[in-house]
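Report on the following structure.
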Amino acid sequence: MISVEEAFQLIEQRVGSLPPLESETIPLSASVGRVLRKQIISDVDSPPHNKSVMDGFAVASRDIRDGVTNFRVLETIVAGTMPTQTVNSGTASRIMTGAPMPSGADAVVMVELSNIGYNDPTPEEVTLLWNGPVEKFTTGKHAMQRAQNFAKGQTIFPAGHRIRPVDVGLLAEVGAAQVEVSRKPTVAVLPTGDELVDCSSVPGDSQIRNSNGPMLNAICQNMGAETIDLGIGGDSVGDLTAKIKKGLDQDFLLLSGGVSAGTMDLVPGILQSQGVVQVFHKVKVKPGKPIFFGVLERDSGRPCLVFGLPGNPVSSLIGVHLFVSTAMRIMMGQTNCRPASRPAVLSAPHQTRGDRPTYWPGRLATEENAAPGAVEPLRWNGSSDLFSLGAAEGLIFMPAREERWDAGEQVLYFPF
Ligand code: AMP
Ligand code: MG
């Protein structure tokens, strides 16, 4: 049985040797979750001009340091207009947040430190009383320099960056109204098992609802994929073969169930009969051991990547979080492809048994006396128990070992 590291490497080799997905140009408003195929270069300075960051009076900072308090007011500059007057010693221009600084002025005194209220009309003369040590009132006080954030021509995001909601404002600022991204990979989702009923039904005595289908659809859509729901596959060669054939037309086929060692575990055999070449089957990991990965080469077009995920929902989830997501990121041309993780310490003692490394549902510790950044393993009954996942924020990775884990021991944390 291969290790998790070997499984990652096999995926990286196999998927990394394929050409990336075709690219397409789409509106920024539809770009969240997509991977940039071209770097984004700014076409503007930010800010585009020296600007005030306060409502107040633009002055030459030297005047304040020299103890000048009375100023003749030249004009009012609001955001969206350009100044027309040059500020000289003894003069000031009223200025609003975001408005361009007039030439000659290098700092702003807040309106609160003047003898007028912020709603008052602009006076001809104003008294400004700086309330701090005057030697600290220097160039740039309450004002920003042109291009202080970034300059025209600067790289904003490299190719391979996955666009997050927080990135959209910045992309808008630099005029990226259209972005070139990888097209969405298509993912066929096929949960299998005679015991499964749709989540809209009430299960009979021997039945359970299909959790994996909706979950795999949701995770893949969240990763920027387009999903095709193949319904529920029954545990028969006929039904599974027909549905698998449909799924093999897509970029990915994700199956759940039927991949381990039961008498109804028909999936690997049917995949093989359809020409899918196995890359690996079974990974030394808990939960999720029976996972299958294979590739179907096609005469025309791209190959189909096939993952047979174990039926238990948390096993399926871990297979997707670790392996399917990695393959999808590689295909989409993303720069960092493995799931994000960070070192953490356990907030409480913990026992895992067996010779496989474990991914355990957890979250940032909420105990008052927990170490900063500590993670808390949740009460969990194993791979069929989705209830704990409802409270989890990620997975805690613990290498295989026999002894109990103590609070404070180093682990790896994989946030969702
Ligand atoms: P299998 O891998 O087919 O042997 O399934 C392992 C366990 O996962 C069994 O208890 C199944 O009932 C359960 N299971 C399989 N598929 C699903 C599914 N789509 N949703 C929820 N549980 C499932
Ligand atoms: Mg089954």
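So you can find residues: chains in the structure tokens are A, B, ... in the order shown, residues in each start at 1, and ligands are numbered from 1 in order.
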
Expected answer as a compact mmCIF listing (two decimals) with C-alpha atoms, in the first residue's frame: residues within 8 Å of ligand 2, only C-alpha atoms and all ligand atoms:
```txt
# COMPACT_ATOMS: atom_id res chain seq x y z
CA THR A 192 -23.07 4.11 -5.73
CA GLY A 193 -24.87 1.72 -3.42
CA ASP A 194 -28.22 -0.14 -3.37
CA GLU A 195 -28.86 1.21 0.13
CA ASP A 235 -24.75 -2.20 -7.14
CA GLY A 257 -18.67 3.57 -2.70
CA GLY A 258 -17.98 0.14 -4.12
CA VAL A 259 -14.18 0.42 -4.12
CA GLY A 262 -17.00 -6.24 -0.20
CA MET A 264 -20.70 -5.51 -4.00
CA ASP A 265 -17.52 -3.52 -4.57
CA GLY A 311 -18.41 5.16 0.49
```

Q: Pick out each residue of stretch 5-220 of chain A that DSSP on the backbone tags as alpha helix (DSSP H); I need them as a VMD selection string.
A: chain A and resid 5 to 16 61 to 65 167 to 173 212 to 220

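In terms of minimum interatomic distance to A:Asn336, A:Ala159 ranks closest within A:Ile228, A:Ile396, A:Val197, A:Ala159, counting only C-alpha atoms.
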
Q: Can you work out which one of A:Asp63, A:Asp167, A:Asp198, A:Glu112 has the shortest atom-to-atom distance to ligand 1, counting only C-alpha atoms and all ligand atoms?
A: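 Counting only C-alpha atoms and all ligand atoms, the residue closest to ligand 1 is A:Asp198.
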
Give the residue list for ligand 1 at 10 Å, counting only C-alpha atoms and all ligand atoms, as a CSV table (one decimal) with all heavy atoms, in the first residue's frame, sorted by chain and then by residue number.
```
chain,number,residue,atom,x,y,z
A,190,LEU,N,-20.9,10.3,-9.3
A,190,LEU,CA,-21.7,9.1,-9.3
A,190,LEU,C,-21.5,8.4,-7.9
A,190,LEU,O,-20.6,7.6,-7.8
A,190,LEU,CB,-21.2,8.2,-10.4
A,190,LEU,CG,-21.9,6.8,-10.5
A,190,LEU,CD1,-23.5,7.0,-10.6
A,190,LEU,CD2,-21.4,6.1,-11.7
A,191,PRO,N,-22.4,8.7,-7.0
A,191,PRO,CA,-22.4,7.9,-5.7
A,191,PRO,C,-23.1,6.5,-6.1
A,191,PRO,O,-24.0,6.4,-6.9
A,191,PRO,CB,-23.3,8.7,-4.8
A,191,PRO,CG,-24.1,9.6,-5.7
A,191,PRO,CD,-23.4,9.7,-7.0
A,192,THR,N,-22.5,5.4,-5.5
A,192,THR,CA,-23.1,4.1,-5.7
A,192,THR,C,-23.5,3.4,-4.4
A,192,THR,O,-22.9,3.6,-3.4
A,192,THR,CB,-22.0,3.2,-6.5
A,192,THR,OG1,-21.0,2.8,-5.5
A,192,THR,CG2,-21.4,3.9,-7.6
A,193,GLY,N,-24.5,2.6,-4.6
A,193,GLY,CA,-24.9,1.7,-3.4
A,193,GLY,C,-26.4,1.5,-3.5
A,193,GLY,O,-27.1,2.4,-3.6
A,194,ASP,N,-26.8,0.2,-3.4
A,194,ASP,CA,-28.2,-0.1,-3.4
A,194,ASP,C,-29.0,0.4,-2.2
A,194,ASP,O,-30.2,0.5,-2.2
A,194,ASP,CB,-28.4,-1.7,-3.4
A,194,ASP,CG,-28.2,-2.2,-4.8
A,194,ASP,OD1,-28.3,-1.4,-5.8
A,194,ASP,OD2,-27.9,-3.4,-4.9
A,195,GLU,N,-28.2,0.7,-1.1
A,195,GLU,CA,-28.9,1.2,0.1
A,195,GLU,C,-29.2,2.7,0.1
A,195,GLU,O,-29.8,3.2,1.0
A,195,GLU,CB,-28.0,0.9,1.3
A,195,GLU,CG,-26.7,1.8,1.5
A,195,GLU,CD,-25.5,1.4,0.6
A,195,GLU,OE1,-25.8,0.8,-0.5
A,195,GLU,OE2,-24.4,1.7,1.0
A,196,LEU,N,-28.8,3.4,-1.0
A,196,LEU,CA,-28.9,4.8,-1.0
A,196,LEU,C,-30.2,5.3,-1.6
A,196,LEU,O,-30.7,4.8,-2.5
A,196,LEU,CB,-27.8,5.5,-1.9
A,196,LEU,CG,-26.3,5.1,-1.4
A,196,LEU,CD1,-25.3,5.8,-2.4
A,196,LEU,CD2,-26.1,5.6,0.0
A,197,VAL,N,-30.8,6.4,-0.9
A,197,VAL,CA,-31.9,7.1,-1.5
A,197,VAL,C,-31.6,8.5,-1.5
A,197,VAL,O,-30.7,9.0,-0.8
A,197,VAL,CB,-33.3,6.8,-0.7
A,197,VAL,CG1,-33.7,5.4,-0.7
A,197,VAL,CG2,-33.1,7.3,0.8
A,198,ASP,N,-32.3,9.2,-2.4
A,198,ASP,CA,-32.1,10.7,-2.6
A,198,ASP,C,-32.4,11.4,-1.3
A,198,ASP,O,-33.3,11.0,-0.5
A,198,ASP,CB,-33.0,11.2,-3.7
A,198,ASP,CG,-32.7,12.7,-4.0
A,198,ASP,OD1,-31.6,12.9,-4.7
A,198,ASP,OD2,-33.4,13.5,-3.5
A,199,CYS,N,-31.7,12.5,-1.0
A,199,CYS,CA,-31.9,13.2,0.3
A,199,CYS,C,-33.3,13.8,0.4
A,199,CYS,O,-33.7,14.2,1.5
A,199,CYS,CB,-30.8,14.3,0.5
A,199,CYS,SG,-30.9,15.6,-0.8
A,206,SER,N,-33.6,-0.3,5.7
A,206,SER,CA,-32.3,-0.7,5.4
A,206,SER,C,-31.6,0.4,4.5
A,206,SER,O,-30.5,0.1,4.0
A,206,SER,CB,-32.3,-2.0,4.6
A,206,SER,OG,-33.0,-1.8,3.4
A,207,GLN,N,-32.2,1.5,4.5
A,207,GLN,CA,-31.7,2.5,3.6
A,207,GLN,C,-31.0,3.7,4.3
A,207,GLN,O,-31.3,3.9,5.5
A,207,GLN,CB,-32.8,3.1,2.7
A,207,GLN,CG,-33.4,2.0,1.8
A,207,GLN,CD,-34.5,2.5,1.0
A,207,GLN,OE1,-35.4,3.3,1.5
A,207,GLN,NE2,-34.6,2.1,-0.3
A,208,ILE,N,-30.1,4.4,3.6
A,208,ILE,CA,-29.6,5.7,4.1
A,208,ILE,C,-29.7,6.7,3.0
A,208,ILE,O,-29.8,6.4,1.8
A,208,ILE,CB,-28.2,5.6,4.7
A,208,ILE,CG1,-27.3,5.1,3.6
A,208,ILE,CG2,-28.1,4.8,5.9
A,208,ILE,CD1,-25.8,5.2,4.0
A,209,ARG,N,-29.7,8.0,3.4
A,209,ARG,CA,-29.7,9.0,2.3
A,209,ARG,C,-28.3,9.1,1.7
A,209,ARG,O,-27.3,8.9,2.4
A,209,ARG,CB,-30.1,10.4,2.9
A,209,ARG,CG,-31.6,10.4,3.4
A,209,ARG,CD,-32.0,11.8,3.6
A,209,ARG,NE,-33.5,11.9,3.9
A,209,ARG,CZ,-34.0,12.0,5.1
A,209,ARG,NH1,-33.1,12.2,6.1
A,209,ARG,NH2,-35.3,12.1,5.3
A,210,ASN,N,-28.3,9.5,0.5
A,210,ASN,CA,-27.1,9.8,-0.3
A,210,ASN,C,-26.5,11.1,0.2
A,210,ASN,O,-26.9,12.2,-0.2
A,210,ASN,CB,-27.4,9.8,-1.8
A,210,ASN,CG,-26.3,10.4,-2.6
A,210,ASN,OD1,-25.1,10.3,-2.2
A,210,ASN,ND2,-26.7,11.0,-3.7
A,211,SER,N,-25.5,11.0,1.1
A,211,SER,CA,-24.8,12.2,1.5
A,211,SER,C,-23.7,12.6,0.5
A,211,SER,O,-23.4,13.8,0.3
A,211,SER,CB,-24.1,12.0,2.9
A,211,SER,OG,-25.0,11.6,3.8
A,212,ASN,N,-23.0,11.6,0.0
A,212,ASN,CA,-21.8,11.9,-0.8
A,212,ASN,C,-22.1,12.7,-2.1
A,212,ASN,O,-21.3,13.6,-2.5
A,212,ASN,CB,-21.1,10.6,-1.1
A,212,ASN,CG,-20.5,10.0,0.1
A,212,ASN,OD1,-20.4,10.6,1.1
A,212,ASN,ND2,-20.2,8.7,0.0
A,213,GLY,N,-23.2,12.3,-2.8
A,213,GLY,CA,-23.4,13.0,-4.0
A,213,GLY,C,-23.5,14.5,-3.9
A,213,GLY,O,-22.7,15.3,-4.5
A,214,PRO,N,-24.5,15.0,-3.0
A,214,PRO,CA,-24.5,16.4,-2.8
A,214,PRO,C,-23.2,17.0,-2.3
A,214,PRO,O,-22.8,18.1,-2.7
A,214,PRO,CB,-25.7,16.6,-1.8
A,214,PRO,CG,-26.5,15.4,-2.0
A,214,PRO,CD,-25.6,14.3,-2.4
A,215,MET,N,-22.5,16.3,-1.4
A,215,MET,CA,-21.3,16.9,-0.8
A,215,MET,C,-20.2,17.0,-1.9
A,215,MET,O,-19.6,18.0,-2.0
A,215,MET,CB,-20.8,15.9,0.3
A,215,MET,CG,-19.5,16.3,0.9
A,215,MET,SD,-19.0,15.3,2.2
A,215,MET,CE,-18.5,13.8,1.3
A,216,LEU,N,-20.1,16.0,-2.7
A,216,LEU,CA,-19.0,16.0,-3.8
A,216,LEU,C,-19.4,17.1,-4.8
A,216,LEU,O,-18.5,17.8,-5.2
A,216,LEU,CB,-18.9,14.7,-4.4
A,216,LEU,CG,-18.4,13.5,-3.5
A,216,LEU,CD1,-18.4,12.2,-4.3
A,216,LEU,CD2,-17.0,13.8,-3.0
A,232,ILE,N,-27.9,8.2,-8.6
A,232,ILE,CA,-27.3,7.1,-7.8
A,232,ILE,C,-27.1,5.9,-8.6
A,232,ILE,O,-28.1,5.4,-9.3
A,232,ILE,CB,-28.2,6.9,-6.5
A,232,ILE,CG1,-28.3,8.1,-5.7
A,232,ILE,CG2,-27.7,5.7,-5.7
A,232,ILE,CD1,-29.4,8.1,-4.6
A,233,GLY,N,-25.9,5.3,-8.5
A,233,GLY,CA,-25.7,4.0,-9.2
A,233,GLY,C,-26.0,2.8,-8.3
A,233,GLY,O,-25.6,2.8,-7.2
A,235,ASP,N,-25.9,-1.2,-7.2
A,235,ASP,CA,-24.8,-2.2,-7.1
A,235,ASP,C,-25.0,-3.3,-8.1
A,235,ASP,O,-25.1,-4.5,-7.8
A,235,ASP,CB,-24.6,-2.8,-5.7
A,235,ASP,CG,-24.1,-1.7,-4.7
A,235,ASP,OD1,-23.2,-1.0,-5.1
A,235,ASP,OD2,-24.6,-1.7,-3.6
A,255,LEU,N,-16.5,8.7,-8.3
A,255,LEU,CA,-17.5,7.8,-7.8
A,255,LEU,C,-17.3,7.7,-6.3
A,255,LEU,O,-16.2,8.0,-5.8
A,255,LEU,CB,-17.2,6.4,-8.3
A,255,LEU,CG,-17.3,6.3,-9.9
A,255,LEU,CD1,-15.9,6.0,-10.5
A,255,LEU,CD2,-18.3,5.1,-10.2
A,256,SER,N,-18.4,7.3,-5.6
A,256,SER,CA,-18.2,7.0,-4.2
A,256,SER,C,-18.8,5.7,-3.9
A,256,SER,O,-19.9,5.3,-4.5
A,256,SER,CB,-18.8,8.1,-3.3
A,256,SER,OG,-20.2,7.8,-3.0
A,257,GLY,N,-18.2,4.9,-3.1
A,257,GLY,CA,-18.7,3.6,-2.7
A,257,GLY,C,-18.2,2.5,-3.7
A,257,GLY,O,-17.7,2.8,-4.8
A,258,GLY,N,-18.3,1.3,-3.2
A,258,GLY,CA,-18.0,0.1,-4.1
A,258,GLY,C,-16.5,0.0,-4.5
A,258,GLY,O,-16.2,-0.7,-5.5
A,259,VAL,N,-15.6,0.6,-3.7
A,259,VAL,CA,-14.2,0.4,-4.1
A,259,VAL,C,-13.4,-0.4,-3.1
A,259,VAL,O,-12.2,-0.6,-3.3
A,259,VAL,CB,-13.5,1.8,-4.3
A,259,VAL,CG1,-13.9,2.5,-5.5
A,259,VAL,CG2,-13.6,2.7,-3.1
A,260,SER,N,-14.0,-0.9,-2.1
A,260,SER,CA,-13.2,-1.7,-1.1
A,260,SER,C,-13.3,-3.2,-1.4
A,260,SER,O,-13.4,-3.6,-2.5
A,260,SER,CB,-13.4,-1.3,0.3
A,260,SER,OG,-14.8,-1.4,0.7
A,261,ALA,N,-13.4,-4.0,-0.4
A,261,ALA,CA,-13.3,-5.4,-0.6
A,261,ALA,C,-14.6,-6.2,-0.4
A,261,ALA,O,-14.6,-7.4,-0.2
A,261,ALA,CB,-12.2,-6.0,0.4
A,262,GLY,N,-15.7,-5.5,-0.4
A,262,GLY,CA,-17.0,-6.2,-0.2
A,262,GLY,C,-17.4,-6.9,-1.5
A,262,GLY,O,-16.9,-6.7,-2.6
A,263,THR,N,-18.5,-7.8,-1.3
A,263,THR,CA,-18.9,-8.6,-2.5
A,263,THR,C,-19.6,-7.6,-3.5
A,263,THR,O,-19.7,-8.0,-4.7
A,263,THR,CB,-19.9,-9.6,-2.1
A,263,THR,OG1,-21.0,-9.0,-1.4
A,263,THR,CG2,-19.3,-10.7,-1.3
A,264,MET,N,-20.0,-6.4,-3.1
A,264,MET,CA,-20.7,-5.5,-4.0
A,264,MET,C,-19.8,-4.4,-4.5
A,264,MET,O,-20.2,-3.4,-5.0
A,264,MET,CB,-21.9,-4.9,-3.3
A,264,MET,CG,-23.1,-5.8,-3.2
A,264,MET,SD,-23.6,-6.3,-4.8
A,264,MET,CE,-24.3,-7.9,-4.5
A,265,ASP,N,-18.5,-4.6,-4.2
A,265,ASP,CA,-17.5,-3.5,-4.6
A,265,ASP,C,-17.0,-3.7,-6.0
A,265,ASP,O,-16.0,-4.3,-6.3
A,265,ASP,CB,-16.4,-3.5,-3.6
A,265,ASP,CG,-16.9,-2.9,-2.2
A,265,ASP,OD1,-17.9,-2.2,-2.2
A,265,ASP,OD2,-16.3,-3.3,-1.2
A,266,LEU,N,-17.9,-3.3,-6.9
A,266,LEU,CA,-17.7,-3.6,-8.3
A,266,LEU,C,-17.0,-2.6,-9.1
A,266,LEU,O,-16.6,-2.8,-10.3
A,266,LEU,CB,-19.1,-3.8,-9.0
A,266,LEU,CG,-20.1,-4.8,-8.3
A,266,LEU,CD1,-21.5,-4.6,-8.9
A,266,LEU,CD2,-19.6,-6.2,-8.5
A,267,VAL,N,-16.7,-1.4,-8.5
A,267,VAL,CA,-16.3,-0.3,-9.3
A,267,VAL,C,-14.9,-0.5,-9.9
A,267,VAL,O,-14.8,-0.3,-11.2
A,267,VAL,CB,-16.3,1.0,-8.4
A,267,VAL,CG1,-15.5,2.1,-9.0
A,267,VAL,CG2,-17.7,1.4,-8.1
A,288,GLY,N,-10.2,6.5,4.7
A,288,GLY,CA,-10.1,6.8,3.3
A,288,GLY,C,-9.2,5.8,2.5
A,288,GLY,O,-8.9,6.0,1.3
A,290,PRO,N,-9.4,2.8,0.9
A,290,PRO,CA,-9.6,2.1,-0.4
A,290,PRO,C,-9.6,3.0,-1.6
A,290,PRO,O,-10.0,2.5,-2.7
A,290,PRO,CB,-11.0,1.5,-0.2
A,290,PRO,CG,-11.4,1.7,1.2
A,290,PRO,CD,-10.6,2.8,1.7
A,291,ILE,N,-9.2,4.3,-1.5
A,291,ILE,CA,-9.4,5.2,-2.6
A,291,ILE,C,-8.6,4.7,-3.9
A,291,ILE,O,-7.6,4.1,-3.8
A,291,ILE,CB,-8.8,6.6,-2.3
A,291,ILE,CG1,-9.1,7.6,-3.4
A,291,ILE,CG2,-7.4,6.5,-1.9
A,291,ILE,CD1,-8.8,9.0,-3.1
A,308,GLY,N,-12.2,6.8,-7.5
A,308,GLY,CA,-13.2,6.0,-6.8
A,308,GLY,C,-13.0,6.2,-5.3
A,308,GLY,O,-12.0,5.8,-4.8
A,309,LEU,N,-13.9,6.9,-4.7
A,309,LEU,CA,-13.8,7.3,-3.3
A,309,LEU,C,-14.5,6.3,-2.4
A,309,LEU,O,-15.6,5.8,-2.8
A,309,LEU,CB,-14.4,8.7,-3.1
A,309,LEU,CG,-13.7,9.8,-3.9
A,309,LEU,CD1,-14.6,11.0,-4.0
A,309,LEU,CD2,-12.3,10.1,-3.4
A,310,PRO,N,-14.0,6.0,-1.2
A,310,PRO,CA,-14.7,5.1,-0.4
A,310,PRO,C,-16.1,5.6,0.0
A,310,PRO,O,-16.3,6.8,0.0
A,310,PRO,CB,-13.8,5.0,0.9
A,310,PRO,CG,-12.5,5.6,0.5
A,310,PRO,CD,-12.8,6.6,-0.7
A,311,GLY,N,-17.0,4.7,0.3
A,311,GLY,CA,-18.4,5.2,0.5
A,311,GLY,C,-18.7,5.9,1.8
A,311,GLY,O,-19.5,6.8,1.8
A,312,ASN,N,-18.0,5.7,2.8
A,312,ASN,CA,-18.2,6.4,4.0
A,312,ASN,C,-18.0,7.9,3.8
A,312,ASN,O,-16.9,8.2,3.3
A,312,ASN,CB,-17.4,5.9,5.2
A,312,ASN,CG,-18.1,4.8,5.9
A,312,ASN,OD1,-19.3,4.9,6.3
A,312,ASN,ND2,-17.5,3.6,6.2
A,313,PRO,N,-18.9,8.7,4.2
A,313,PRO,CA,-18.8,10.1,3.8
A,313,PRO,C,-17.5,10.8,4.2
A,313,PRO,O,-17.0,11.6,3.4
A,313,PRO,CB,-20.0,10.7,4.5
A,313,PRO,CG,-21.0,9.6,4.6
A,313,PRO,CD,-20.2,8.4,4.8
A,314,VAL,N,-17.0,10.6,5.4
A,314,VAL,CA,-15.8,11.3,5.8
A,314,VAL,C,-14.6,10.8,5.0
A,314,VAL,O,-13.7,11.5,4.7
A,314,VAL,CB,-15.6,11.3,7.3
A,314,VAL,CG1,-14.4,12.1,7.7
A,314,VAL,CG2,-16.8,11.7,8.1
A,315,SER,N,-14.6,9.5,4.7
A,315,SER,CA,-13.6,8.9,3.8
A,315,SER,C,-13.6,9.6,2.5
A,315,SER,O,-12.6,10.0,1.9
A,315,SER,CB,-13.8,7.4,3.6
A,315,SER,OG,-13.8,6.8,4.9
A,316,SER,N,-14.8,9.8,1.9
A,316,SER,CA,-15.0,10.5,0.6
A,316,SER,C,-14.4,11.9,0.7
A,316,SER,O,-13.7,12.4,-0.1
A,316,SER,CB,-16.5,10.5,0.2
A,316,SER,OG,-16.8,9.5,-0.7
A,383,SER,N,-15.4,7.2,10.2
A,383,SER,CA,-15.6,7.6,8.8
A,383,SER,C,-17.1,7.8,8.4
A,383,SER,O,-17.4,8.5,7.4
A,383,SER,CB,-15.0,6.7,7.9
A,383,SER,OG,-15.4,5.4,8.1
A,384,SER,N,-18.0,7.2,9.2
A,384,SER,CA,-19.5,7.4,8.8
A,384,SER,C,-20.1,8.6,9.6
A,384,SER,O,-21.2,9.0,9.3
A,384,SER,CB,-20.3,6.2,9.1
A,384,SER,OG,-20.4,6.0,10.6
A,385,ASP,N,-19.3,9.2,10.5
A,385,ASP,CA,-19.9,10.3,11.4
A,385,ASP,C,-19.6,11.6,10.8
A,385,ASP,O,-18.6,12.3,11.0
A,385,ASP,CB,-19.2,10.1,12.7
A,385,ASP,CG,-19.6,11.2,13.7
A,385,ASP,OD1,-20.6,11.9,13.4
A,385,ASP,OD2,-19.0,11.2,14.8
A,386,LEU,N,-20.7,12.2,10.1
A,386,LEU,CA,-20.6,13.5,9.5
A,386,LEU,C,-20.9,14.6,10.6
A,386,LEU,O,-20.7,15.8,10.4
A,386,LEU,CB,-21.5,13.7,8.4
A,386,LEU,CG,-21.1,13.2,7.0
A,386,LEU,CD1,-22.2,13.3,6.0
A,386,LEU,CD2,-19.8,14.0,6.5
```

**Q.** Contacts of stretch 224-227 of chain A within 6 Å, only C-alpha atoms, excl. fewer than 2 positions in-chain, as a count of residues only
**A.** 10

**Q.** Point-to-point distance in Å for atom CA of A:Val179 and atom CA of A:Ser42
**A.**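 Atom CA of A:Val179 lies at a distance of 12.9 Å from atom CA of A:Ser42.
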
(Q) Given only C-alpha atoms as the basis, pick out the residue of A:Arg146, A:Lys152, A:Arg94, A:Arg62 nearest to A:Glu124. (A) A:Arg94

Q: Please provide as a list in words all residues within 7 Å of A:Pro102, with the sequence filter that same-chain residues fewer than 2 positions apart are discarded (counting only C-alpha atoms).
A: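 Once the nearby chain positions are removed, what remains is Pro83, Gln85, Thr86, Val87, Pro100, Gly104 and Ala105 of chain A.
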
Q. Taking only C-alpha atoms into account, which of A:Glu125, A:Glu297, A:Asp251, A:Asp55 comes nearest A:Ile95?
A. A:Asp55

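Shortest atom-to-atom contact with A:Val324 among A:Leu305, A:Val411, A:Lys286, A:Ser17: A:Leu305, counting only C-alpha atoms.
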
Q. By how many Å are atom CA of A:Gln272 and atom CA of A:Leu248 apart?
A.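 Computed distance, atom CA of A:Gln272 to atom CA of A:Leu248, equals 12.1 Å.
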
Q) Between atom CA of A:Ser182 and atom CA of A:Gln334, what is the spacing in Å? A)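 For atom CA of A:Gln334 relative to atom CA of A:Ser182, the distance reads 9.3 Å.
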
Q.
Run DSSP on the backbone and tell me which residues of stretch 148-215 of chain A come out as strand (DSSP E or B); list them as a list of chain:residue names.
A. A:Phe150, A:Thr155, A:Ile156, A:Phe157, A:Arg162, A:Gln178, A:Val179, A:Glu180, A:Val181, A:Ser182, A:Thr186, A:Val187, A:Ala188, A:Val189, A:Leu190, A:Pro191, A:Thr192, A:Leu196, A:Val197, A:Ile208, A:Arg209

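Using only C-alpha atoms, the nearest neighbour of A:Val166 within the list A:Val283, A:Ile270, A:Val189, A:Val32 is A:Val32.
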
Q) Could you name the residues that touch A:Glu403 at 9 Å or less, counting only C-alpha atoms, but leaving out those on the same chain fewer than 6 positions away, as a list in words? A)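 Contacts, in chain order: Gln351, Thr352 and Arg353 of chain A.
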
Export of the given selection (C-alpha atoms) as a PDB file, in the first residue's frame:
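Full text of result.pdb as output:
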```
ATOM      1  CA  GLN A 351      -5.719   8.699  21.184  1.00  0.00           C
ATOM      2  CA  THR A 352      -5.662   7.252  17.667  1.00  0.00           C
ATOM      3  CA  ARG A 353      -5.019   3.598  17.057  1.00  0.00           C
TER       4      ARG A 353
END
```
